[in-house]
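Q: See coords30.txt below, with compact mmCIF, C-alpha atoms.
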# COMPACT_ATOMS: atom_id res chain seq x y z
CA MET A 1 -137.35 -17.48 -237.19
CA LEU A 2 -136.93 -21.15 -236.32
CA ASN A 3 -135.87 -23.24 -239.31
CA ALA A 4 -135.71 -27.00 -239.90
CA VAL A 5 -132.77 -28.14 -242.03
CA TYR A 6 -132.89 -31.70 -243.40
CA ARG A 7 -129.30 -32.83 -243.85
CA LEU A 8 -127.77 -35.96 -245.31
CA VAL A 9 -125.44 -37.14 -242.54
CA ALA A 10 -124.37 -40.42 -244.18
CA PRO A 11 -125.34 -42.26 -247.37
CA ARG A 12 -129.11 -42.85 -247.37
CA ARG A 13 -129.60 -41.25 -243.94
CA PHE A 14 -131.24 -37.88 -243.27
CA GLU A 15 -131.43 -36.04 -239.96
CA VAL A 16 -133.16 -32.80 -239.05
CA GLU A 17 -131.44 -29.93 -237.28
CA PHE A 18 -133.10 -26.74 -236.07
CA SER A 19 -131.51 -23.33 -236.41
CA GLU A 20 -132.45 -19.66 -236.25
CA ILE A 21 -132.78 -17.44 -239.32
CA PRO A 22 -132.40 -13.75 -238.37
CA LEU A 23 -135.03 -11.41 -239.83
CA PHE A 24 -133.16 -8.16 -239.32
CA GLY A 25 -130.71 -8.59 -242.22
CA SER A 26 -131.08 -8.08 -245.97
CA ASP A 27 -131.76 -11.73 -246.84
CA ILE A 28 -135.06 -12.71 -248.42
CA ILE A 29 -136.72 -15.70 -246.74
CA VAL A 30 -138.24 -18.28 -249.09
CA HIS A 31 -140.28 -21.37 -248.29
CA PRO A 32 -139.40 -24.05 -250.90
CA THR A 33 -142.41 -25.62 -252.62
CA HIS A 34 -141.01 -27.71 -255.50
CA LEU A 35 -137.57 -29.35 -255.42
CA SER A 36 -135.93 -31.38 -258.19
CA ILE A 37 -133.44 -34.20 -257.59
CA CYS A 38 -130.21 -34.00 -259.61
CA HIS A 39 -127.55 -36.63 -260.40
CA ALA A 40 -125.17 -34.72 -258.14
CA ASP A 41 -127.62 -35.13 -255.23
CA GLN A 42 -127.78 -38.84 -255.96
CA ARG A 43 -124.01 -39.20 -255.86
CA TYR A 44 -124.06 -37.87 -252.32
CA TYR A 45 -127.18 -39.80 -251.31
CA GLN A 46 -125.82 -43.13 -252.55
CA GLY A 47 -122.30 -42.46 -251.26
CA LEU A 48 -120.84 -42.57 -254.77
CA ARG A 49 -118.41 -39.72 -254.16
CA PRO A 50 -114.92 -40.59 -252.87
CA ALA A 51 -114.79 -41.21 -249.11
CA GLU A 52 -112.65 -38.13 -248.48
CA VAL A 53 -115.18 -35.94 -250.32
CA LEU A 54 -118.10 -37.32 -248.31
CA LYS A 55 -116.17 -36.78 -245.09
CA GLN A 56 -115.52 -33.16 -246.07
CA LYS A 57 -119.02 -32.32 -247.36
CA LEU A 58 -121.38 -34.12 -244.98
CA PRO A 59 -123.56 -33.39 -243.11
CA MET A 60 -125.23 -31.20 -245.74
CA ALA A 61 -128.73 -30.38 -246.97
CA LEU A 62 -129.11 -31.58 -250.57
CA ILE A 63 -130.87 -30.09 -253.65
CA HIS A 64 -129.85 -27.11 -255.75
CA GLU A 65 -132.83 -27.07 -258.13
CA GLY A 66 -136.02 -25.53 -256.82
CA ILE A 67 -138.62 -22.80 -256.50
CA GLY A 68 -140.52 -21.44 -253.54
CA ASN A 69 -142.76 -18.75 -252.12
CA VAL A 70 -141.47 -15.56 -250.52
CA VAL A 71 -142.16 -15.39 -246.79
CA HIS A 72 -140.24 -12.23 -245.84
CA ASP A 73 -138.54 -9.58 -247.98
CA PRO A 74 -136.88 -6.66 -246.16
CA THR A 75 -136.13 -4.99 -249.52
CA GLY A 76 -139.81 -4.69 -250.46
CA THR A 77 -139.16 -6.14 -253.93
CA TYR A 78 -141.43 -9.15 -253.45
CA GLN A 79 -144.70 -9.68 -251.66
CA PRO A 80 -145.37 -12.63 -249.35
CA GLY A 81 -146.55 -15.55 -251.45
CA ASP A 82 -144.73 -14.50 -254.63
CA CYS A 83 -143.28 -17.52 -256.42
CA VAL A 84 -139.56 -17.25 -257.13
CA ILE A 85 -136.75 -19.28 -258.65
CA MET A 86 -133.86 -19.89 -256.25
CA ILE A 87 -130.30 -19.51 -257.60
CA PRO A 88 -127.85 -21.92 -255.92
CA ASN A 89 -124.57 -20.34 -257.01
CA THR A 90 -123.50 -17.80 -254.39
CA PRO A 91 -120.53 -15.62 -255.36
CA THR A 92 -118.50 -13.84 -252.71
CA GLN A 93 -116.64 -11.54 -255.10
CA LYS A 94 -116.97 -10.02 -258.58
CA ASP A 95 -114.47 -10.46 -261.40
CA ASP A 96 -114.45 -8.56 -264.69
CA VAL A 97 -113.18 -11.60 -266.61
CA ILE A 98 -114.23 -14.77 -264.79
CA ALA A 99 -117.95 -15.55 -264.54
CA GLU A 100 -119.43 -16.05 -261.07
CA ASN A 101 -119.95 -19.79 -261.60
CA TYR A 102 -116.24 -20.32 -262.30
CA LEU A 103 -114.80 -18.24 -259.47
CA ARG A 104 -113.13 -20.62 -257.03
CA SER A 105 -114.35 -18.45 -254.18
CA SER A 106 -118.03 -18.92 -255.08
CA LYS A 107 -120.19 -21.20 -252.98
CA PHE A 108 -122.72 -23.59 -254.45
CA ARG A 109 -125.68 -24.99 -252.56
CA ALA A 110 -125.68 -28.73 -251.94
CA SER A 111 -121.96 -28.78 -252.73
CA GLY A 112 -120.11 -27.36 -249.77
CA PHE A 113 -122.96 -25.67 -247.96
CA ASP A 114 -126.62 -26.39 -247.33
CA GLY A 115 -128.98 -26.76 -250.28
CA PHE A 116 -132.73 -26.23 -250.44
CA MET A 117 -133.93 -29.16 -248.31
CA GLN A 118 -134.99 -26.77 -245.58
CA GLU A 119 -138.26 -25.41 -244.26
CA TYR A 120 -137.05 -21.90 -245.07
CA VAL A 121 -134.07 -20.67 -247.09
CA ALA A 122 -132.37 -17.30 -246.56
CA LEU A 123 -131.15 -15.90 -249.89
CA GLN A 124 -129.42 -12.71 -250.90
CA PRO A 125 -131.74 -10.52 -253.01
CA ASP A 126 -129.79 -11.21 -256.23
CA ARG A 127 -130.13 -14.98 -255.72
CA ILE A 128 -133.84 -15.12 -256.60
CA LEU A 129 -135.91 -14.30 -259.68
CA ALA A 130 -139.66 -14.01 -260.05
CA LEU A 131 -141.26 -16.95 -261.84
CA PRO A 132 -143.38 -15.65 -264.76
CA ASP A 133 -147.12 -16.20 -264.45
CA GLY A 134 -148.37 -19.28 -266.23
CA VAL A 135 -145.14 -21.26 -266.15
CA ASP A 136 -145.72 -24.81 -264.88
CA LYS A 137 -144.21 -24.91 -261.39
CA VAL A 138 -143.24 -28.56 -261.75
CA VAL A 139 -141.13 -27.73 -264.81
CA ALA A 140 -139.86 -24.55 -263.14
CA ALA A 141 -138.46 -26.69 -260.32
CA PHE A 142 -135.55 -27.73 -262.55
CA THR A 143 -134.93 -24.27 -264.02
CA GLU A 144 -131.39 -24.46 -262.63
CA LEU A 145 -130.61 -27.39 -264.93
CA VAL A 146 -132.20 -25.55 -267.85
CA SER A 147 -130.00 -22.55 -267.04
CA VAL A 148 -126.92 -24.80 -267.26
CA SER A 149 -127.88 -25.60 -270.86
CA VAL A 150 -128.56 -21.91 -271.53
CA HIS A 151 -125.13 -21.06 -270.13
CA ALA A 152 -123.52 -23.67 -272.39
CA MET A 153 -125.30 -22.25 -275.44
CA ARG A 154 -124.19 -18.73 -274.57
CA ARG A 155 -120.61 -20.02 -274.45
CA PHE A 156 -121.18 -21.84 -277.73
CA ASP A 157 -122.11 -18.50 -279.27
CA CYS A 158 -118.80 -17.05 -278.03
CA PHE A 159 -116.49 -19.91 -279.03
CA ALA A 160 -117.98 -21.61 -282.09
CA HIS A 161 -116.95 -20.28 -285.49
CA SER A 162 -119.55 -18.86 -287.85
CA ARG A 163 -120.18 -22.06 -289.84
CA ARG A 164 -123.04 -23.61 -287.90
CA GLU A 165 -124.90 -25.58 -290.53
CA THR A 166 -124.95 -28.84 -288.55
CA VAL A 167 -124.44 -29.49 -284.84
CA GLY A 168 -124.51 -32.80 -283.01
CA ILE A 169 -125.47 -33.45 -279.40
CA TRP A 170 -124.21 -36.71 -277.88
CA GLY A 171 -126.44 -37.87 -274.98
CA ASP A 172 -130.12 -38.82 -274.87
CA GLY A 173 -130.67 -38.23 -271.14
CA ASN A 174 -132.13 -35.24 -269.31
CA LEU A 175 -129.18 -32.94 -269.95
CA GLY A 176 -129.05 -33.86 -273.63
CA PHE A 177 -132.78 -33.24 -273.99
CA LEU A 178 -132.69 -29.88 -272.23
CA THR A 179 -129.67 -28.74 -274.21
CA ALA A 180 -131.30 -29.82 -277.47
CA VAL A 181 -134.50 -27.89 -276.66
CA ILE A 182 -132.55 -24.74 -275.82
CA PHE A 183 -130.23 -25.10 -278.82
CA LYS A 184 -133.07 -25.52 -281.31
CA THR A 185 -134.86 -22.52 -279.79
CA MET A 186 -131.79 -20.29 -280.01
CA TYR A 187 -130.55 -21.62 -283.38
CA PRO A 188 -133.66 -22.76 -285.28
CA ASP A 189 -131.96 -22.69 -288.69
CA THR A 190 -129.13 -25.06 -287.71
CA LYS A 191 -129.59 -28.75 -288.42
CA LEU A 192 -129.46 -30.57 -285.07
CA TYR A 193 -128.61 -34.26 -284.80
CA ILE A 194 -128.93 -36.28 -281.59
CA PHE A 195 -126.77 -39.32 -280.84
CA GLY A 196 -127.80 -41.73 -278.11
CA VAL A 197 -128.22 -45.33 -277.03
CA ASN A 198 -131.93 -45.68 -276.24
CA GLU A 199 -134.55 -45.68 -279.00
CA ASP A 200 -137.36 -44.69 -276.63
CA LYS A 201 -135.40 -41.70 -275.37
CA LEU A 202 -134.34 -40.70 -278.88
CA SER A 203 -138.00 -40.70 -279.95
CA THR A 204 -138.67 -37.77 -277.58
CA PHE A 205 -136.38 -35.54 -279.66
CA SER A 206 -139.13 -34.93 -282.22
CA PHE A 207 -137.96 -31.35 -282.83
CA ALA A 208 -134.46 -32.44 -283.93
CA ASP A 209 -133.49 -32.87 -287.59
CA GLY A 210 -132.26 -36.41 -287.03
CA THR A 211 -131.49 -38.99 -284.34
CA TYR A 212 -128.96 -41.81 -284.41
CA ARG A 213 -128.00 -44.68 -282.19
CA VAL A 214 -124.30 -44.38 -281.42
CA THR A 215 -123.78 -47.84 -282.87
CA ASP A 216 -125.35 -46.86 -286.21
CA ILE A 217 -123.84 -43.52 -287.17
CA PRO A 218 -123.26 -43.20 -290.93
CA GLN A 219 -119.54 -43.19 -291.58
CA ASP A 220 -119.71 -40.08 -293.77
CA LEU A 221 -121.85 -38.02 -291.36
CA ARG A 222 -120.15 -34.75 -290.38
CA VAL A 223 -121.03 -31.96 -287.94
CA ASP A 224 -119.54 -28.49 -287.67
CA HIS A 225 -119.62 -28.56 -283.87
CA GLY A 226 -120.27 -31.19 -281.21
CA ILE A 227 -121.80 -31.04 -277.73
CA GLU A 228 -121.13 -33.80 -275.19
CA CYS A 229 -123.91 -34.38 -272.64
CA VAL A 230 -123.06 -37.94 -271.60
CA GLY A 231 -120.82 -37.80 -268.53
CA GLY A 232 -119.31 -40.66 -266.57
CA ALA A 233 -117.09 -43.30 -268.18
CA ALA A 234 -119.23 -43.28 -271.34
CA SER A 235 -118.12 -39.72 -272.11
CA GLN A 236 -114.84 -41.19 -273.42
CA SER A 237 -116.54 -42.98 -276.32
CA ALA A 238 -118.80 -39.97 -276.92
CA ILE A 239 -115.81 -37.63 -277.23
CA GLU A 240 -114.07 -40.13 -279.52
CA GLN A 241 -117.11 -40.18 -281.80
CA ILE A 242 -117.37 -36.40 -281.85
CA ILE A 243 -113.70 -36.11 -282.82
CA ALA A 244 -114.27 -38.68 -285.58
CA HIS A 245 -117.35 -36.96 -287.04
CA ILE A 246 -116.52 -33.29 -286.53
CA GLN A 247 -115.25 -31.03 -289.30
CA PRO A 248 -111.78 -29.46 -288.92
CA GLU A 249 -111.59 -26.41 -286.64
CA GLY A 250 -114.90 -27.26 -284.99
CA THR A 251 -115.61 -26.83 -281.30
CA ILE A 252 -116.49 -29.50 -278.76
CA SER A 253 -118.54 -28.39 -275.79
CA LEU A 254 -118.10 -30.64 -272.75
CA LEU A 255 -121.03 -30.71 -270.31
CA GLY A 256 -121.01 -34.24 -268.86
CA VAL A 257 -119.48 -34.75 -265.42
CA SER A 258 -117.13 -37.65 -264.69
CA GLU A 259 -115.61 -38.61 -261.37
CA TYR A 260 -112.47 -39.92 -263.06
CA PRO A 261 -110.06 -38.67 -265.77
CA ILE A 262 -111.22 -39.33 -269.35
CA PRO A 263 -108.61 -40.11 -272.07
CA ILE A 264 -108.86 -37.92 -275.18
CA ASN A 265 -107.28 -38.53 -278.59
CA THR A 266 -105.14 -35.40 -278.65
CA ARG A 267 -103.46 -36.43 -281.91
CA MET A 268 -106.73 -35.94 -283.80
CA VAL A 269 -107.53 -32.81 -281.80
CA LEU A 270 -104.25 -31.38 -283.10
CA GLU A 271 -104.68 -32.66 -286.66
CA LYS A 272 -108.15 -31.16 -286.96
CA GLY A 273 -107.35 -27.99 -285.01
CA LEU A 274 -110.26 -28.53 -282.65
CA ARG A 275 -111.23 -26.43 -279.67
CA LEU A 276 -112.53 -28.17 -276.54
CA TYR A 277 -114.13 -26.15 -273.76
CA GLY A 278 -116.05 -26.98 -270.63
CA SER A 279 -119.28 -25.50 -269.28
CA SER A 280 -120.44 -25.98 -265.71
CA ARG A 281 -123.20 -24.58 -263.56
CA SER A 282 -124.65 -21.15 -264.26
CA GLY A 283 -125.01 -17.64 -262.87
CA ARG A 284 -127.70 -15.03 -262.51
CA GLU A 285 -127.36 -13.86 -266.13
CA ASP A 286 -128.09 -17.41 -267.31
CA PHE A 287 -131.19 -17.59 -265.10
CA GLU A 288 -132.37 -14.25 -266.47
CA LYS A 289 -131.88 -15.52 -270.03
CA THR A 290 -133.77 -18.71 -269.16
CA VAL A 291 -136.71 -16.75 -267.74
CA SER A 292 -136.78 -14.56 -270.86
CA LEU A 293 -136.87 -17.72 -273.01
CA TYR A 294 -139.82 -19.00 -270.94
CA ARG A 295 -141.65 -15.74 -271.72
CA GLU A 296 -140.72 -15.46 -275.40
CA HIS A 297 -141.03 -19.15 -276.27
CA PRO A 298 -143.72 -20.72 -274.06
CA GLU A 299 -143.49 -23.90 -276.14
CA ILE A 300 -140.20 -24.60 -274.32
CA VAL A 301 -142.11 -25.38 -271.13
CA GLY A 302 -144.28 -27.82 -273.08
CA TYR A 303 -141.22 -29.65 -274.37
CA LEU A 304 -139.63 -29.69 -270.92
CA ASN A 305 -142.76 -31.25 -269.47
CA ASN A 306 -141.80 -34.39 -271.42
CA ILE A 307 -139.00 -35.13 -268.96
CA VAL A 308 -141.03 -34.72 -265.78
CA GLY A 309 -140.84 -38.11 -264.15
CA ALA A 310 -142.08 -39.08 -260.69
CA GLN A 311 -143.78 -36.51 -258.47
CA LEU A 312 -144.05 -37.07 -254.74
CA GLU A 313 -145.49 -35.16 -251.79
CA VAL A 314 -142.73 -34.93 -249.19
CA LYS A 315 -143.80 -34.32 -245.61
CA THR A 316 -141.45 -36.54 -243.59
CA MET A 317 -137.87 -37.78 -243.74
CA GLN A 318 -139.26 -41.16 -244.76
CA ASP A 319 -140.85 -39.41 -247.75
CA MET A 320 -137.48 -37.85 -248.56
CA LYS A 321 -135.82 -41.24 -248.63
CA LYS A 322 -138.66 -42.65 -250.73
CA ALA A 323 -138.23 -39.86 -253.29
CA PHE A 324 -134.49 -40.47 -253.64
CA GLU A 325 -134.94 -44.24 -253.88
CA MET A 326 -137.64 -43.79 -256.52
CA ASP A 327 -135.34 -41.47 -258.45
CA ILE A 328 -132.61 -44.12 -258.53
CA HIS A 329 -134.84 -46.61 -260.34
CA LYS A 330 -136.42 -44.27 -262.88
CA ASN A 331 -135.66 -44.81 -266.57
CA MET A 332 -135.66 -41.13 -267.47
CA GLY A 333 -137.06 -37.84 -266.29
CA LYS A 334 -136.76 -35.52 -263.34
CA THR A 335 -138.10 -36.54 -259.93
CA ILE A 336 -139.95 -33.62 -258.34
CA MET A 337 -140.61 -33.33 -254.62
CA HIS A 338 -143.67 -31.29 -253.66
CA TRP A 339 -142.00 -29.95 -250.54
CA MET A 340 -144.19 -29.61 -247.45
CA PRO A 341 -142.33 -30.95 -244.37
Rewrite the coordinates I just gave you, this time as structure tokens.
A:
Amino acid sequence: MLNAVYRLVAPRRFEVEFSEIPLFGSDIIVHPTHLSICHADQRYYQGLRPAEVLKQKLPMALIHEGIGNVVHDPTGTYQPGDCVIMIPNTPTQKDDVIAENYLRSSKFRASGFDGFMQEYVALQPDRILALPDGVDKVVAAFTELVSVSVHAMRRFDCFAHSRRETVGIWGDGNLGFLTAVIFKTMYPDTKLYIFGVNEDKLSTFSFADGTYRVTDIPQDLRVDHGIECVGGAASQSAIEQIIAHIQPEGTISLLGVSEYPIPINTRMVLEKGLRLYGSSRSGREDFEKTVSLYREHPEIVGYLNNIVGAQLEVKTMQDMKKAFEMDIHKNMGKTIMHWMP
């Protein structure tokens, strides 16, 4: 089968390359229909990664968040036209201790090998999941990002001690919102406070028990555990605030990505006996948990619809560039490409 792969060859420049996808193997062939642009995609598109990283990674097809329709399934599990969620993490080995998304041998689409900006994508059978009927496909496009929050909450359940009366999430962007929705669904009896910088964004957290601007946090406010969803240089001040407002022996979950080292006040980490742990990406189990949450709590999809931003039909490479440029200038929300090149 002839396939068109749309690769970023240099910052802000896409080119198409044609290749053959064999139909005699065990891979399931999926035609992407809805693709969601992530901050990581933007760092490549704008050339914001270090020059040596860009030289190593490009050319490469972007996008690791998306859904599509099955075109060919040699296993007989899916029928042509079935809508499926595509899983970008691609492990090459199994480990009884280390999760697939932390194995250094695992591959991740749009970070080392081609992502979903293709006419067709060949996926191993365990790298797709059926999308439940009735789930909004536009929201489902960023299921991968939702699964990252689900993964972080599953780790929270493993690492956080049993006192979970109050939890704070620092970050009022997309990741903070998704994590807050998932947290409140999984832990409805815990008081959840959101800390951010933008009043308009904070107003969307209507399900939380309280919201605060980071410049106006009451001095005596305390949380049992903190979750950092800020990323970038601003994560330093977020972590400082968490350390200041967290109770002794609490846990700090780090989700925000920064290109550069972030200083941390280790003296107070030691004095309070804190535990810091990172969460990154997700694996099949996290996607399965996310899909089960969609089924059991359909209100989640309604909440997630609040962060759908621009939607754009993409038929040409000019449309691709337009979608990425539009995404740069958005205030908040996920940019969704209705993929039809």
Q: Kindly give the distance, in Å, that separates atom CA of Thr204 of chain A and atom CA of Val146 of chain A, rounded to a single decimal.
A: 16.9 Å
Q: Provide the atom CA of His31 of chain A to atom CA of Glu325 of chain A distance in Å, to one decimal place.
A: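 Going from atom CA of His31 of chain A over to atom CA of Glu325 of chain A covers 24.1 Å.
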Q: Using Å and a single decimal, report how far atom CA of Gly309 of chain A sits from atom CA of Lys334 of chain A.
A: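 Value for the atom CA of Lys334 of chain A-atom CA of Gly309 of chain A distance: 4.9 Å.
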Q: Neighbours of Asp216 of chain A within 10 Å (only C-alpha atoms; same-chain residues fewer than 6 positions away dropped), as a CSV table (one decimal) with C-alpha atoms, keeping the file's coordinate frame?
A:
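Here's the written file part_37.csv:
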chain,number,residue,atom,x,y,z
A,195,PHE,CA,-126.8,-39.3,-280.8
A,196,GLY,CA,-127.8,-41.7,-278.1
A,197,VAL,CA,-128.2,-45.3,-277.0
Q: Leaving out Asp319 of chain A and any residue of its chain fewer than 6 positions from it, which residues lie within 10 Å of it when counting only C-alpha atoms, given as an mmCIF file with C-alpha atoms, keeping the file's coordinate frame?
A:
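In the end it all went to around-v2.cif:
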data_model
loop_
_atom_site.group_PDB
_atom_site.id
_atom_site.type_symbol
_atom_site.label_atom_id
_atom_site.label_comp_id
_atom_site.auth_asym_id
_atom_site.auth_seq_id
_atom_site.Cartn_x
_atom_site.Cartn_y
_atom_site.Cartn_z
ATOM 1 C CA LEU A 312 -144.050 -37.070 -254.740
ATOM 2 C CA GLU A 313 -145.490 -35.160 -251.790
ATOM 3 C CA GLU A 325 -134.940 -44.240 -253.880
ATOM 4 C CA MET A 337 -140.610 -33.330 -254.620
ATOM 5 C CA TRP A 339 -142.000 -29.950 -250.540
ATOM 6 C CA PRO A 341 -142.330 -30.950 -244.370
#
Q: My list of candidates is A:Ile307, A:Leu103, A:Ala10, A:Val148. Which is closest to Ala51 of chain A when distances are computed with only C-alpha atoms?
A: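 Among the listed residues, A:Ala10 lies closest to Ala51 of chain A.
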Q: Have a look at A:Val30, A:Leu304, A:Cys158, A:Val167 and name the one nearest to Gly210 of chain A; count all atoms listed in the file.
A: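 For Gly210 of chain A, the nearest of the given residues is A:Val167.
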Q: Please determine the residues with any atom at most 10 Å from (-123.1, -19.0, -262.5) (coordinates as given in the file, with all atoms listed in the file counting) and report them as a count of residues only.
A: 24
Q: Counting only C-alpha atoms, write as a ChimeraX atom specification all protein and nucleic acid residues lying at most 12 Å from (-119.5, -31.4, -245.3) in the file's frame.
A: /A:7-10,44,51-62,109-115
Q: Find the smallest box with edges along x, y and z containing every listed atom of segment 149-167 of chain A, then add 3 Å on each side and report centre and edge lengths in Å to one decimal, as AutoDock Vina command-line options.
A:
--center_x -122.5 --center_y -23.3 --center_z -280.3 --size_x 18.1 --size_y 18.4 --size_z 26.4
Q: Of the candidates A:Ile246, A:Leu48, A:Val71, A:Ala141, which shows the shortest atom-to-atom distance to Gln311 of chain A, using all atoms listed in the file?
A: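 Selected residue with least distance to Gln311 of chain A: A:Ala141.
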Q: Kindly indicate which residue among A:Gly250, A:Pro32, A:Pro261, A:Pro11 lies nearest to Gly226 of chain A, using all atoms listed in the file for the distances.
A: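 Smallest distance to Gly226 of chain A is found for A:Gly250.
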Q: Could you check which of A:Met117, A:Leu2, A:Leu35, A:Val84 is closest to Pro22 of chain A, using all atoms listed in the file?
A: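 Going through A:Met117, A:Leu2, A:Leu35, A:Val84 one by one, the smallest distance to Pro22 of chain A is for A:Leu2.
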Q: Find the residue from A:Asn331, A:Thr185, A:Thr179, A:Thr251 that sits nearest to Pro298 of chain A; use all atoms listed in the file when measuring.
A: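 Between A:Asn331, A:Thr185, A:Thr179, A:Thr251, the residue approaching Pro298 of chain A most closely is A:Thr185.
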Q: Output segment 24-40 of chain A as a PDB file, keeping the file's coordinate frame, making sure N, CA, C and O atoms are there.
A:
ATOM      1  N   PHE A  24    -133.537  -9.573-239.308  1.00  0.00           N
ATOM      2  CA  PHE A  24    -133.160  -8.160-239.320  1.00  0.00           C
ATOM      3  C   PHE A  24    -132.117  -7.834-240.388  1.00  0.00           C
ATOM      4  O   PHE A  24    -131.685  -6.687-240.510  1.00  0.00           O
ATOM      5  N   GLY A  25    -131.697  -8.831-241.176  1.00  0.00           N
ATOM      6  CA  GLY A  25    -130.710  -8.590-242.220  1.00  0.00           C
ATOM      7  C   GLY A  25    -131.354  -8.266-243.554  1.00  0.00           C
ATOM      8  O   GLY A  25    -132.543  -7.926-243.638  1.00  0.00           O
ATOM      9  N   SER A  26    -130.585  -8.401-244.628  1.00  0.00           N
ATOM     10  CA  SER A  26    -131.080  -8.080-245.970  1.00  0.00           C
ATOM     11  C   SER A  26    -131.535  -9.317-246.736  1.00  0.00           C
ATOM     12  O   SER A  26    -132.032  -9.197-247.864  1.00  0.00           O
ATOM     13  N   ASP A  27    -131.374 -10.501-246.144  1.00  0.00           N
ATOM     14  CA  ASP A  27    -131.760 -11.730-246.840  1.00  0.00           C
ATOM     15  C   ASP A  27    -133.269 -11.828-247.019  1.00  0.00           C
ATOM     16  O   ASP A  27    -134.047 -11.410-246.149  1.00  0.00           O
ATOM     17  N   ILE A  28    -133.659 -12.408-248.151  1.00  0.00           N
ATOM     18  CA  ILE A  28    -135.060 -12.710-248.420  1.00  0.00           C
ATOM     19  C   ILE A  28    -135.312 -14.154-247.991  1.00  0.00           C
ATOM     20  O   ILE A  28    -134.538 -15.053-248.310  1.00  0.00           O
ATOM     21  N   ILE A  29    -136.390 -14.370-247.256  1.00  0.00           N
ATOM     22  CA  ILE A  29    -136.720 -15.700-246.740  1.00  0.00           C
ATOM     23  C   ILE A  29    -137.739 -16.349-247.671  1.00  0.00           C
ATOM     24  O   ILE A  29    -138.792 -15.774-247.959  1.00  0.00           O
ATOM     25  N   VAL A  30    -137.392 -17.549-248.144  1.00  0.00           N
ATOM     26  CA  VAL A  30    -138.240 -18.280-249.090  1.00  0.00           C
ATOM     27  C   VAL A  30    -138.588 -19.642-248.513  1.00  0.00           C
ATOM     28  O   VAL A  30    -137.729 -20.320-247.946  1.00  0.00           O
ATOM     29  N   HIS A  31    -139.849 -20.015-248.660  1.00  0.00           N
ATOM     30  CA  HIS A  31    -140.280 -21.370-248.290  1.00  0.00           C
ATOM     31  C   HIS A  31    -140.312 -22.224-249.554  1.00  0.00           C
ATOM     32  O   HIS A  31    -141.124 -21.964-250.460  1.00  0.00           O
ATOM     33  N   PRO A  32    -139.405 -23.204-249.701  1.00  0.00           N
ATOM     34  CA  PRO A  32    -139.400 -24.050-250.900  1.00  0.00           C
ATOM     35  C   PRO A  32    -140.733 -24.789-251.074  1.00  0.00           C
ATOM     36  O   PRO A  32    -141.351 -25.221-250.097  1.00  0.00           O
ATOM     37  N   THR A  33    -141.167 -24.910-252.324  1.00  0.00           N
ATOM     38  CA  THR A  33    -142.410 -25.620-252.620  1.00  0.00           C
ATOM     39  C   THR A  33    -142.206 -26.795-253.578  1.00  0.00           C
ATOM     40  O   THR A  33    -142.894 -27.808-253.491  1.00  0.00           O
ATOM     41  N   HIS A  34    -141.274 -26.650-254.519  1.00  0.00           N
ATOM     42  CA  HIS A  34    -141.010 -27.710-255.500  1.00  0.00           C
ATOM     43  C   HIS A  34    -139.497 -27.871-255.625  1.00  0.00           C
ATOM     44  O   HIS A  34    -138.795 -26.920-255.983  1.00  0.00           O
ATOM     45  N   LEU A  35    -139.004 -29.071-255.352  1.00  0.00           N
ATOM     46  CA  LEU A  35    -137.570 -29.350-255.420  1.00  0.00           C
ATOM     47  C   LEU A  35    -137.327 -30.505-256.388  1.00  0.00           C
ATOM     48  O   LEU A  35    -138.085 -31.480-256.424  1.00  0.00           O
ATOM     49  N   SER A  36    -136.252 -30.397-257.166  1.00  0.00           N
ATOM     50  CA  SER A  36    -135.930 -31.380-258.190  1.00  0.00           C
ATOM     51  C   SER A  36    -134.621 -32.082-257.835  1.00  0.00           C
ATOM     52  O   SER A  36    -133.635 -31.434-257.489  1.00  0.00           O
ATOM     53  N   ILE A  37    -134.616 -33.408-257.934  1.00  0.00           N
ATOM     54  CA  ILE A  37    -133.440 -34.200-257.590  1.00  0.00           C
ATOM     55  C   ILE A  37    -132.504 -34.274-258.799  1.00  0.00           C
ATOM     56  O   ILE A  37    -132.934 -34.574-259.917  1.00  0.00           O
ATOM     57  N   CYS A  38    -131.228 -34.008-258.570  1.00  0.00           N
ATOM     58  CA  CYS A  38    -130.210 -34.000-259.610  1.00  0.00           C
ATOM     59  C   CYS A  38    -129.276 -35.194-259.431  1.00  0.00           C
ATOM     60  O   CYS A  38    -129.197 -35.787-258.354  1.00  0.00           O
ATOM     61  N   HIS A  39    -128.533 -35.542-260.506  1.00  0.00           N
ATOM     62  CA  HIS A  39    -127.550 -36.630-260.400  1.00  0.00           C
ATOM     63  C   HIS A  39    -126.514 -36.340-259.315  1.00  0.00           C
ATOM     64  O   HIS A  39    -126.046 -37.263-258.634  1.00  0.00           O
ATOM     65  N   ALA A  40    -126.152 -35.074-259.163  1.00  0.00           N
ATOM     66  CA  ALA A  40    -125.170 -34.720-258.140  1.00  0.00           C
ATOM     67  C   ALA A  40    -125.704 -35.042-256.748  1.00  0.00           C
ATOM     68  O   ALA A  40    -124.975 -35.526-255.876  1.00  0.00           O
TER      69      ALA A  40
END
